[in-house]
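Novice: Sharing coords38.csv here; it has CSV, C-alpha atoms.
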```csv
chain,number,residue,atom,x,y,z
A,1,MET,CA,0.0,0.0,0.0
A,2,GLN,CA,1.3,3.4,-1.0
A,3,PHE,CA,0.2,5.7,1.8
A,4,SER,CA,-0.4,9.5,1.5
A,5,LYS,CA,2.7,11.7,1.6
A,6,ARG,CA,0.6,13.7,4.1
A,7,LEU,CA,1.7,11.2,6.8
A,8,ASP,CA,5.3,12.3,6.4
A,9,ARG,CA,4.4,15.7,7.9
A,10,PHE,CA,4.0,14.2,11.3
A,11,GLY,CA,6.3,12.5,13.8
A,12,ASP,CA,5.3,10.0,16.4
A,13,GLU,CA,2.5,11.0,18.7
A,14,VAL,CA,4.1,11.7,22.0
A,15,PHE,CA,1.1,10.9,24.2
A,16,ALA,CA,0.7,7.5,22.6
A,17,SER,CA,4.4,6.6,23.2
A,18,LEU,CA,4.2,7.8,26.9
A,19,ASN,CA,1.1,5.7,27.4
A,20,ALA,CA,2.6,2.6,25.9
A,21,ARG,CA,5.6,2.8,28.3
A,22,ARG,CA,3.2,3.4,31.2
A,23,THR,CA,1.4,0.2,30.3
A,24,GLU,CA,4.7,-1.7,30.3
A,25,LEU,CA,5.7,-0.3,33.7
A,26,GLU,CA,2.4,-1.1,35.3
A,27,ALA,CA,2.4,-4.6,33.9
A,28,ALA,CA,5.8,-5.1,35.6
A,29,GLY,CA,4.2,-4.1,38.9
A,30,ARG,CA,5.6,-0.5,39.0
A,31,GLU,CA,3.5,2.3,40.5
A,32,VAL,CA,3.2,5.1,38.0
A,33,ILE,CA,2.2,8.7,38.6
A,34,ASP,CA,0.9,10.0,35.2
A,35,LEU,CA,1.0,13.8,34.9
A,36,SER,CA,1.3,13.8,31.1
A,37,VAL,CA,-2.3,14.0,29.8
A,38,GLY,CA,-4.7,16.8,30.7
A,39,THR,CA,-7.8,14.7,31.4
A,40,PRO,CA,-9.7,16.2,34.4
A,41,ASP,CA,-10.3,13.8,37.3
A,42,PHE,CA,-13.3,15.9,38.6
A,43,GLU,CA,-16.9,14.7,38.3
A,44,PRO,CA,-19.1,16.3,35.6
A,45,PRO,CA,-22.0,18.3,37.2
A,46,ALA,CA,-25.0,16.1,38.0
A,47,HIS,CA,-27.4,18.3,36.1
A,48,VAL,CA,-25.3,17.9,32.9
A,49,LYS,CA,-25.2,14.1,33.2
A,50,ASN,CA,-28.9,13.9,34.0
A,51,ALA,CA,-29.7,16.0,30.9
A,52,LEU,CA,-27.8,13.6,28.7
A,53,ILE,CA,-29.4,10.6,30.3
A,54,GLU,CA,-33.0,11.9,29.9
A,55,ALA,CA,-32.4,13.0,26.3
A,56,ALA,CA,-31.0,9.6,25.5
A,57,LYS,CA,-34.3,8.0,26.6
A,58,ASP,CA,-36.1,9.8,23.7
A,59,SER,CA,-35.8,7.7,20.5
A,60,ASN,CA,-36.1,10.8,18.4
A,61,ASN,CA,-32.7,12.0,19.8
A,62,TRP,CA,-31.0,9.0,18.2
A,63,LYS,CA,-31.5,10.3,14.7
A,64,TYR,CA,-29.1,12.4,12.6
A,65,ALA,CA,-28.7,15.8,14.2
A,66,LEU,CA,-27.9,17.6,10.9
A,67,HIS,CA,-28.2,21.0,12.6
A,68,ASP,CA,-27.6,22.5,16.0
A,69,LEU,CA,-30.7,22.8,18.1
A,70,PRO,CA,-32.0,26.4,18.3
A,71,GLU,CA,-32.0,26.1,22.0
A,72,LEU,CA,-28.3,25.2,22.0
A,73,THR,CA,-27.4,28.2,19.8
A,74,GLN,CA,-29.4,30.5,22.1
A,75,ALA,CA,-27.7,29.0,25.2
A,76,VAL,CA,-24.3,29.9,23.8
A,77,ILE,CA,-25.5,33.5,23.1
A,78,ASP,CA,-26.9,33.8,26.6
A,79,TYR,CA,-23.8,32.3,28.2
A,80,TYR,CA,-21.5,34.7,26.4
A,81,ALA,CA,-23.7,37.6,27.6
A,82,ASP,CA,-23.9,36.4,31.2
A,83,ARG,CA,-20.4,35.0,31.7
A,84,PHE,CA,-18.3,37.3,29.6
A,85,GLY,CA,-20.5,40.4,29.1
A,86,VAL,CA,-20.3,39.8,25.3
A,87,THR,CA,-23.4,40.9,23.4
A,88,GLY,CA,-24.2,41.1,19.7
A,89,LEU,CA,-23.8,37.4,18.9
A,90,THR,CA,-26.3,36.0,16.4
A,91,PRO,CA,-27.0,32.4,15.3
A,92,ASP,CA,-25.0,32.7,12.1
A,93,MET,CA,-21.9,33.4,14.3
A,94,ILE,CA,-22.1,30.1,16.2
A,95,MET,CA,-21.7,26.4,15.3
A,96,SER,CA,-21.0,23.4,17.4
A,97,CYS,CA,-17.9,21.2,16.9
A,98,ASN,CA,-17.2,17.7,18.1
A,99,GLY,CA,-14.3,19.1,20.2
A,100,THR,CA,-11.9,21.9,19.3
A,101,GLN,CA,-9.6,19.3,17.9
A,102,GLU,CA,-12.1,18.5,15.2
A,103,GLY,CA,-13.1,22.1,14.8
A,104,MET,CA,-9.6,23.3,14.2
A,105,GLY,CA,-9.1,20.7,11.5
A,106,ARG,CA,-12.3,21.8,9.8
A,107,LEU,CA,-11.3,25.5,10.0
A,108,SER,CA,-7.9,24.8,8.5
A,109,SER,CA,-9.4,23.0,5.6
A,110,ALA,CA,-11.9,25.8,5.0
A,111,LEU,CA,-9.3,28.6,5.1
A,112,VAL,CA,-6.0,27.2,3.8
A,113,ASP,CA,-4.7,26.3,0.4
A,114,GLU,CA,-1.4,24.5,-0.2
A,115,GLY,CA,1.5,26.8,0.6
A,116,ASP,CA,-0.5,29.3,2.6
A,117,LEU,CA,1.2,30.5,5.8
A,118,VAL,CA,-0.2,30.1,9.3
A,119,LEU,CA,1.2,31.7,12.4
A,120,VAL,CA,1.3,29.4,15.5
A,121,PRO,CA,2.8,30.0,18.9
A,122,ASP,CA,6.0,28.2,20.0
A,123,PRO,CA,5.5,26.3,22.3
A,124,CYS,CA,2.0,25.3,21.5
A,125,TYR,CA,-0.5,22.5,21.8
A,126,PRO,CA,0.5,20.1,18.9
A,127,LEU,CA,-3.0,20.3,17.4
A,128,PHE,CA,-2.3,23.9,16.3
A,129,ARG,CA,0.5,22.7,14.1
A,130,ALA,CA,-1.1,19.5,12.9
A,131,SER,CA,-4.4,21.0,11.8
A,132,ALA,CA,-2.5,23.5,9.6
A,133,LEU,CA,-0.1,20.9,8.2
A,134,ILE,CA,-2.9,18.5,7.3
A,135,ALA,CA,-4.4,21.3,5.2
A,136,GLY,CA,-1.1,21.9,3.4
A,137,ALA,CA,-0.1,25.1,5.1
A,138,GLU,CA,3.4,26.3,5.9
A,139,LEU,CA,4.1,27.2,9.5
A,140,ALA,CA,5.6,30.4,10.9
A,141,PHE,CA,6.3,30.3,14.7
A,142,TYR,CA,6.0,33.3,17.0
A,143,PRO,CA,7.8,32.7,20.3
A,144,LEU,CA,6.3,32.5,23.8
A,145,ASN,CA,9.3,33.0,26.1
A,146,ALA,CA,10.1,33.7,29.7
A,147,GLU,CA,11.5,37.2,28.8
A,148,ASN,CA,7.9,38.2,27.7
A,149,ASN,CA,6.1,36.3,30.4
A,150,PHE,CA,5.2,33.6,27.8
A,151,LEU,CA,2.8,36.0,26.1
A,152,PRO,CA,2.6,36.8,22.4
A,153,ASN,CA,4.6,39.8,21.2
A,154,VAL,CA,3.3,40.6,17.7
A,155,ALA,CA,5.9,43.4,17.4
A,156,GLU,CA,8.5,40.6,16.9
A,157,ILE,CA,6.8,39.1,13.8
A,158,PRO,CA,8.4,40.4,10.6
A,159,ASP,CA,6.1,42.4,8.3
A,160,GLU,CA,6.8,40.0,5.4
A,161,VAL,CA,5.7,37.1,7.5
A,162,ALA,CA,2.6,38.8,8.8
A,163,ASP,CA,1.6,39.9,5.3
A,164,ARG,CA,1.7,36.3,4.1
A,165,ALA,CA,-0.2,34.8,7.0
A,166,LYS,CA,-3.8,33.6,6.5
A,167,TYR,CA,-4.6,33.2,10.1
A,168,MET,CA,-2.9,33.3,13.5
A,169,ILE,CA,-3.6,31.0,16.4
A,170,VAL,CA,-3.7,32.6,19.9
A,171,SER,CA,-4.3,30.5,22.9
A,172,LEU,CA,-4.8,32.2,26.3
A,173,PRO,CA,-4.7,30.9,29.0
A,174,ALA,CA,-2.0,29.0,27.1
A,175,ASN,CA,-1.4,25.3,27.0
A,176,PRO,CA,1.4,24.4,27.7
A,177,VAL,CA,3.0,27.5,29.1
A,178,GLY,CA,0.3,28.7,31.5
A,179,SER,CA,0.3,32.4,30.6
A,180,VAL,CA,-2.9,34.5,30.8
A,181,GLY,CA,-3.9,37.2,28.4
A,182,THR,CA,-4.3,40.9,29.3
A,183,PRO,CA,-6.3,43.7,27.6
A,184,GLU,CA,-3.1,45.3,26.5
A,185,VAL,CA,-1.9,42.0,24.8
A,186,TYR,CA,-5.2,41.5,23.0
A,187,ALA,CA,-5.3,45.2,21.8
A,188,GLN,CA,-1.9,44.7,20.2
A,189,ILE,CA,-3.0,41.4,18.6
A,190,ILE,CA,-6.2,43.0,17.2
A,191,GLU,CA,-4.2,46.0,15.8
A,192,PHE,CA,-1.7,43.6,14.2
A,193,ALA,CA,-4.6,41.6,12.6
A,194,LYS,CA,-6.1,44.7,11.1
A,195,ALA,CA,-2.8,46.0,9.8
A,196,HIS,CA,-1.9,42.7,8.1
A,197,ASP,CA,-5.3,41.3,7.2
A,198,VAL,CA,-4.8,38.2,9.4
A,199,LEU,CA,-7.6,36.3,10.9
A,200,ILE,CA,-7.2,35.6,14.7
A,201,VAL,CA,-8.2,32.1,15.8
A,202,HIS,CA,-8.5,32.2,19.6
A,203,ASP,CA,-8.5,29.0,21.6
A,204,ASN,CA,-10.5,29.6,24.8
A,205,ALA,CA,-10.4,26.3,26.6
A,206,TYR,CA,-9.2,27.4,30.0
A,207,SER,CA,-11.1,30.7,30.8
A,208,ASP,CA,-12.4,29.0,34.0
A,209,ILE,CA,-9.0,27.8,35.2
A,210,ILE,CA,-7.1,30.9,36.2
A,211,TYR,CA,-5.4,31.6,39.5
A,212,ASP,CA,-4.8,34.2,42.1
A,213,GLY,CA,-8.1,36.0,41.7
A,214,VAL,CA,-7.7,36.8,38.0
A,215,GLU,CA,-10.9,36.6,36.0
A,216,GLY,CA,-11.1,34.6,32.8
A,217,HIS,CA,-12.3,36.3,29.6
A,218,SER,CA,-13.3,35.9,26.0
A,219,PHE,CA,-11.4,37.3,23.1
A,220,PHE,CA,-14.6,39.2,22.1
A,221,GLU,CA,-14.5,41.3,25.2
A,222,ASN,CA,-11.9,43.4,23.5
A,223,PRO,CA,-12.8,46.2,21.1
A,224,GLY,CA,-12.4,45.3,17.4
A,225,ALA,CA,-12.2,41.5,18.1
A,226,PHE,CA,-15.4,40.7,16.2
A,227,GLU,CA,-13.9,42.2,13.0
A,228,VAL,CA,-10.8,40.1,13.0
A,229,GLY,CA,-11.5,36.9,14.8
A,230,VAL,CA,-13.2,33.7,15.8
A,231,GLU,CA,-13.0,31.8,19.0
A,232,PHE,CA,-13.1,28.1,19.9
A,233,PHE,CA,-15.1,27.9,23.1
A,234,SER,CA,-14.9,24.5,24.9
A,235,LEU,CA,-16.9,23.0,27.7
A,236,SER,CA,-14.4,20.2,28.3
A,237,LYS,CA,-12.3,21.6,31.1
A,238,SER,CA,-14.9,23.9,32.8
A,239,PHE,CA,-17.5,21.1,33.1
A,240,ASP,CA,-15.3,18.0,33.0
A,241,VAL,CA,-16.9,16.6,29.8
A,242,THR,CA,-13.8,16.0,27.7
A,243,GLY,CA,-15.1,12.7,26.3
A,244,ALA,CA,-18.3,14.2,25.1
A,245,ARG,CA,-16.4,16.6,22.8
A,246,ILE,CA,-18.4,19.8,23.2
A,247,SER,CA,-17.0,22.9,21.6
A,248,PHE,CA,-18.2,25.8,19.6
A,249,LEU,CA,-16.8,28.0,16.9
A,250,VAL,CA,-17.9,31.6,17.6
A,251,GLY,CA,-17.3,34.8,15.7
A,252,ARG,CA,-17.2,36.1,12.1
A,253,PRO,CA,-20.2,34.8,10.1
A,254,ASP,CA,-18.2,34.4,6.9
A,255,VAL,CA,-15.7,32.1,8.7
A,256,VAL,CA,-18.4,30.1,10.5
A,257,ALA,CA,-20.2,29.6,7.2
A,258,ALA,CA,-17.1,28.4,5.5
A,259,VAL,CA,-16.3,25.9,8.3
A,260,ARG,CA,-19.9,24.7,8.4
A,261,LYS,CA,-19.8,24.1,4.6
A,262,ILE,CA,-16.7,21.9,5.0
A,263,ARG,CA,-18.2,20.0,7.9
A,264,SER,CA,-21.4,19.3,6.1
A,265,GLN,CA,-19.5,17.1,3.6
A,266,SER,CA,-18.4,14.5,6.2
A,267,ASP,CA,-20.3,15.0,9.4
A,268,TYR,CA,-24.0,14.6,10.5
A,269,GLY,CA,-23.7,16.9,13.5
A,270,MET,CA,-23.4,16.6,17.3
A,271,PHE,CA,-25.3,13.7,18.9
A,272,LEU,CA,-28.6,15.2,20.2
A,273,PRO,CA,-28.3,13.9,23.7
A,274,ILE,CA,-24.9,15.6,23.9
A,275,GLN,CA,-26.5,18.9,22.7
A,276,HIS,CA,-29.0,18.6,25.5
A,277,ALA,CA,-26.1,18.1,28.0
A,278,ALA,CA,-24.4,21.2,26.6
A,279,ILE,CA,-27.6,23.2,27.0
A,280,ALA,CA,-27.7,22.1,30.6
A,281,ALA,CA,-24.1,23.1,31.2
A,282,LEU,CA,-24.6,26.5,29.6
A,283,THR,CA,-27.8,27.4,31.3
A,284,GLY,CA,-27.3,25.7,34.7
A,285,PRO,CA,-25.5,26.7,37.9
A,286,ARG,CA,-21.8,27.3,37.7
A,287,ASP,CA,-21.0,26.9,41.4
A,288,SER,CA,-19.0,23.7,40.7
A,289,VAL,CA,-16.9,25.5,38.1
A,290,HIS,CA,-15.7,28.1,40.6
A,291,GLU,CA,-15.1,25.5,43.3
A,292,GLN,CA,-13.1,23.5,40.9
A,293,GLU,CA,-11.0,26.5,39.9
A,294,LEU,CA,-10.0,26.9,43.6
A,295,LYS,CA,-9.1,23.2,43.8
A,296,TYR,CA,-6.9,23.5,40.8
A,297,GLN,CA,-5.1,26.4,42.5
A,298,GLU,CA,-4.5,24.2,45.5
A,299,ARG,CA,-2.9,21.7,43.2
A,300,ARG,CA,-0.9,24.3,41.4
A,301,ASP,CA,0.5,25.5,44.7
A,302,ALA,CA,1.3,22.0,45.9
A,303,LEU,CA,3.2,21.1,42.8
A,304,CYS,CA,5.0,24.5,42.3
A,305,ASP,CA,5.9,24.8,46.0
A,306,GLY,CA,7.2,21.3,46.0
A,307,LEU,CA,9.4,21.7,42.8
A,308,GLU,CA,10.8,25.0,44.2
A,309,ARG,CA,11.6,23.3,47.5
A,310,ILE,CA,13.7,20.6,45.7
A,311,GLY,CA,15.7,23.2,43.7
A,312,TRP,CA,13.7,23.7,40.6
A,313,GLU,CA,13.0,27.2,39.3
A,314,ARG,CA,9.4,28.1,40.2
A,315,PRO,CA,7.3,27.1,37.2
A,316,ASN,CA,5.1,29.4,35.1
A,317,ALA,CA,1.5,28.6,36.1
A,318,HIS,CA,-1.0,31.4,36.0
A,319,GLY,CA,-3.8,29.6,34.1
A,320,SER,CA,-4.8,26.3,32.5
A,321,MET,CA,-4.6,22.9,34.2
A,322,PHE,CA,-0.8,22.7,33.5
A,323,VAL,CA,2.5,23.7,35.0
A,324,TRP,CA,5.3,24.7,32.7
A,325,ALA,CA,8.6,23.9,34.4
A,326,ARG,CA,12.1,24.6,33.4
A,327,LEU,CA,14.4,21.5,33.7
A,328,PRO,CA,16.8,21.7,36.7
A,329,HIS,CA,20.5,22.4,36.4
A,330,GLY,CA,20.2,23.9,32.9
A,331,ARG,CA,19.4,20.6,31.2
A,332,MET,CA,18.2,21.0,27.5
A,333,ASP,CA,17.2,17.4,26.8
A,334,SER,CA,13.6,17.2,27.7
A,335,VAL,CA,12.9,13.9,25.9
A,336,ALA,CA,15.8,12.2,27.6
A,337,PHE,CA,14.9,13.7,30.9
A,338,CYS,CA,11.3,12.5,30.7
A,339,SER,CA,12.5,9.0,29.8
A,340,GLU,CA,14.9,9.0,32.8
A,341,LEU,CA,12.2,10.4,35.1
A,342,MET,CA,9.7,7.7,34.0
A,343,GLU,CA,12.2,4.9,34.6
A,344,LYS,CA,13.7,6.1,37.9
A,345,ALA,CA,10.8,7.8,39.6
A,346,GLY,CA,7.7,6.3,37.9
A,347,VAL,CA,6.5,9.9,37.1
A,348,ILE,CA,5.3,10.6,33.6
A,349,VAL,CA,5.5,14.2,32.3
A,350,THR,CA,5.5,15.6,28.8
A,351,PRO,CA,8.8,16.8,27.2
A,352,GLY,CA,8.7,20.5,26.3
A,353,ALA,CA,10.3,19.7,22.9
A,354,SER,CA,7.0,18.0,21.8
A,355,PHE,CA,5.3,21.4,21.9
A,356,GLY,CA,7.8,23.1,19.5
A,357,PRO,CA,11.5,24.1,19.3
A,358,ALA,CA,11.1,26.8,22.0
A,359,GLY,CA,9.8,24.1,24.4
A,360,GLU,CA,13.2,22.5,24.7
A,361,GLY,CA,14.5,22.7,28.3
A,362,PHE,CA,11.0,22.5,29.8
A,363,VAL,CA,8.5,19.9,30.8
A,364,ARG,CA,4.7,20.1,31.1
A,365,MET,CA,2.9,18.7,34.1
A,366,ALA,CA,-0.8,18.2,34.3
A,367,LEU,CA,-2.7,19.0,37.5
A,368,VAL,CA,-4.7,15.8,37.4
A,369,LEU,CA,-4.1,14.6,41.0
A,370,PRO,CA,-5.2,16.0,44.4
A,371,PRO,CA,-2.5,18.0,46.3
A,372,ASP,CA,-1.3,14.9,48.2
A,373,GLY,CA,-0.8,13.0,45.0
A,374,LEU,CA,1.2,15.8,43.5
A,375,ARG,CA,3.4,16.1,46.6
A,376,ARG,CA,4.1,12.3,46.3
A,377,ALA,CA,5.1,13.0,42.7
A,378,VAL,CA,7.6,15.7,43.9
A,379,GLU,CA,9.0,13.3,46.5
A,380,ALA,CA,9.5,10.7,43.8
A,381,ILE,CA,11.2,13.3,41.5
A,382,GLU,CA,13.5,14.3,44.4
A,383,ALA,CA,14.4,10.7,45.2
A,384,ALA,CA,15.3,10.0,41.5
A,385,ASN,CA,18.1,12.5,41.9
A,386,LEU,CA,18.2,13.6,38.3
```
Starting from the file, give its structure as structure tokens.
Specialist:
Amino acid sequence: MQFSKRLDRFGDEVFASLNARRTELEAAGREVIDLSVGTPDFEPPAHVKNALIEAAKDSNNWKYALHDLPELTQAVIDYYADRFGVTGLTPDMIMSCNGTQEGMGRLSSALVDEGDLVLVPDPCYPLFRASALIAGAELAFYPLNAENNFLPNVAEIPDEVADRAKYMIVSLPANPVGSVGTPEVYAQIIEFAKAHDVLIVHDNAYSDIIYDGVEGHSFFENPGAFEVGVEFFSLSKSFDVTGARISFLVGRPDVVAAVRKIRSQSDYGMFLPIQHAAIAALTGPRDSVHEQELKYQERRDALCDGLERIGWERPNAHGSMFVWARLPHGRMDSVAFCSELMEKAGVIVTPGASFGPAGEGFVRMALVLPPDGLRRAVEAIEAANL
């Protein structure tokens, strides 16, 4: 079989290889503490689960969805107004996606021709690169570095690169680096987009996991954002429904229409019981979301305090469910470090290099255990004496 040359654009999937080694270690009787994958361990709210269960009892909800329920679209409009203070959304500015991962792939296919340029952060979640590469785009990286608090600095992007770019992905709070956007940063990004005719694609997965009393926001709270951007708004982390794959593309009607057209060629829409679960999440109480945010902060503090105690530089962790930690003693071999850590300590973390060239010298740790579990992970790291 002669497979597509498209496959050559991608290396091995890092999470799959980490999980394979974890399975081997556990089969050999080793205790493993896995901080590599950001799958929340909190319970989905009861009213969300119940809405799905009740909807699944109705046989009509097992038919093709084909379209988003009007009640779902209205729930997104109302949520943006209540949660973010964003008004002016209309139904043609909203479409559901079976997860941002799927949505980002559809968006790339709708926007990009072979050879078009896409701006992606470095480091970034691998999906941002992969979705553009599948569509045949070329990548240009803009750095997220410690000197700029791991925030985008559009002034550093050369004009000739900016003028070629079709769209720019911005992800704040940022996975993996943990930085949180500010009005000043967003104002610079919007001005940049207008100057260079670049679409901004904002990934808003972690607006409900931000620490130290800082409020999470939407891209569209910023003046001019509606003119230049779209936003992927996910329920996965806020409501702990990662497996249900509930996300929305929100923003410019022309972009939403283009993505919807691409999707219609291969997708029959979001399963109706899941749409009902999404409605329940968007319209129901959000007490558990706030309580969970505080619990994540306790975890952040336990892990960061512990790493600092054993001699690591205090990690960058202002938002998202991840900690971005510089390797100790100036090491710049994150893949080798993670392999050693797994073998000697039984702790699995993700090498920074898997998130892009600027990620080398760092590791990402997911806050997927209670504070005591994270303290045990730190003790195991200390005992490994790397």
Novice: Pick out the residues sitting within 12 Å of stretch 15-20 of chain A, and hand them over as a PDB file with C-alpha atoms, in the frame of the given file; count only C-alpha atoms, and ignore anything fewer than 5 positions along from it in its own chain.
Specialist:
```pdb
ATOM      1  CA  LEU A  25       5.700  -0.300  33.700  1.00  0.00           C
ATOM      2  CA  GLU A  26       2.400  -1.100  35.300  1.00  0.00           C
ATOM      3  CA  ALA A  27       2.400  -4.600  33.900  1.00  0.00           C
ATOM      4  CA  VAL A  32       3.200   5.100  38.000  1.00  0.00           C
ATOM      5  CA  ILE A  33       2.200   8.700  38.600  1.00  0.00           C
ATOM      6  CA  ASP A  34       0.900  10.000  35.200  1.00  0.00           C
ATOM      7  CA  LEU A  35       1.000  13.800  34.900  1.00  0.00           C
ATOM      8  CA  SER A  36       1.300  13.800  31.100  1.00  0.00           C
ATOM      9  CA  VAL A  37      -2.300  14.000  29.800  1.00  0.00           C
ATOM     10  CA  GLY A  38      -4.700  16.800  30.700  1.00  0.00           C
ATOM     11  CA  TYR A 125      -0.500  22.500  21.800  1.00  0.00           C
ATOM     12  CA  PRO A 126       0.500  20.100  18.900  1.00  0.00           C
ATOM     13  CA  VAL A 335      12.900  13.900  25.900  1.00  0.00           C
ATOM     14  CA  CYS A 338      11.300  12.500  30.700  1.00  0.00           C
ATOM     15  CA  SER A 339      12.500   9.000  29.800  1.00  0.00           C
ATOM     16  CA  LEU A 341      12.200  10.400  35.100  1.00  0.00           C
ATOM     17  CA  MET A 342       9.700   7.700  34.000  1.00  0.00           C
ATOM     18  CA  GLU A 343      12.200   4.900  34.600  1.00  0.00           C
ATOM     19  CA  GLY A 346       7.700   6.300  37.900  1.00  0.00           C
ATOM     20  CA  VAL A 347       6.500   9.900  37.100  1.00  0.00           C
ATOM     21  CA  ILE A 348       5.300  10.600  33.600  1.00  0.00           C
ATOM     22  CA  VAL A 349       5.500  14.200  32.300  1.00  0.00           C
ATOM     23  CA  THR A 350       5.500  15.600  28.800  1.00  0.00           C
ATOM     24  CA  PRO A 351       8.800  16.800  27.200  1.00  0.00           C
ATOM     25  CA  SER A 354       7.000  18.000  21.800  1.00  0.00           C
ATOM     26  CA  PHE A 355       5.300  21.400  21.900  1.00  0.00           C
TER      27      PHE A 355
END
```
Novice: Expressed in Å to a single decimal, how great is the separation between atom CA of A:Ile134 and atom CA of A:Asp159?
Specialist: 25.6 Å
Novice: Need the shell around A:Val378: protein/DNA/RNA residues with any atom at most 8 Å away, counting all atoms listed in the file. Skip same-chain ones fewer than 3 positions apart. Format as a PyMOL selection string?
Specialist: chain A and resi 303+306-307+374-375+381-382
Novice: Quick one: distance from atom CA of A:Ala75 to atom CA of A:Arg260 in Å, one decimal?
Specialist: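 Interatomic distance here is 19.0 Å.
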Novice: Using all atoms listed in the file, find the one residue out of A:Leu294, A:Val76, A:Cys304, A:Val228 that sits nearest to A:Val214.
Specialist: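 Checking each of A:Leu294, A:Val76, A:Cys304, A:Val228 against A:Val214, counting all atoms listed in the file, the winner is A:Leu294.
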Novice: Near A:Leu89, within 10 Å and counting only C-alpha atoms, which residues show up once chain neighbours fewer than 5 positions away are dropped, as a VMD selection string?
Specialist: chain A and resid 73 to 74 76 to 78 80 to 81 94 220 226 250 to 253
Novice: Show which residues sit within 8 Å of A:Gly178, as a list in words. Count all atoms listed in the file, and ignore same-chain residues fewer than 2 positions away.
Specialist: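 So the residues in contact are Phe150, Pro173, Ala174, Asn175, Pro176, Val180, Asn316, Ala317, His318, Gly319, Ser320, Phe322, Val323 and Trp324 of chain A.
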Novice: As an exercise, work out the distance from atom CA of A:Asp254 to atom CA of A:Thr100 in Å and give it to one decimal place.
Specialist: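 Computing the Euclidean distance for atom CA of A:Asp254 and atom CA of A:Thr100 yields 18.7 Å.
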Novice: Just want the 9 Å neighbourhood of A:Ala193, counted on all atoms listed in the file, with same-chain residues fewer than 5 positions away dropped. Output as a list in words.
Specialist: Ala162, Tyr167, Met168, Gln188, Val198, Leu199, Ile200, Val228 and Gly229 of chain A
Novice: Between A:Leu235, A:Leu7, A:Ile190, A:Cys124, single out the one closest to A:Ala280, counting all atoms listed in the file.
Specialist: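 Of all the options, A:Leu235 lies closest to A:Ala280.
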Novice: Between A:Gly103, A:Gly115, A:Pro285, A:Pro44, which residue has the minimum interatomic distance to A:Ser131, considering all atoms listed in the file?
Specialist: A:Gly103
Novice: Check the smallest atom-to-atom distance from each of A:Glu340, A:Glu379, A:Glu360, A:Asp113 to A:Leu327 using only C-alpha atoms, then report the winner.
Specialist: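 Among A:Glu340, A:Glu379, A:Glu360, A:Asp113, it is A:Glu360 that comes nearest to A:Leu327.
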Novice: Residues proximal to (-8.3, 19.4, 14.1) were defined as those with any atom within 9 Å of that point in the file's coordinates, counting only C-alpha atoms. Which are they, as a VMD selection string?
Specialist: chain A and resid 99 to 108 127 to 128 130 to 132 134
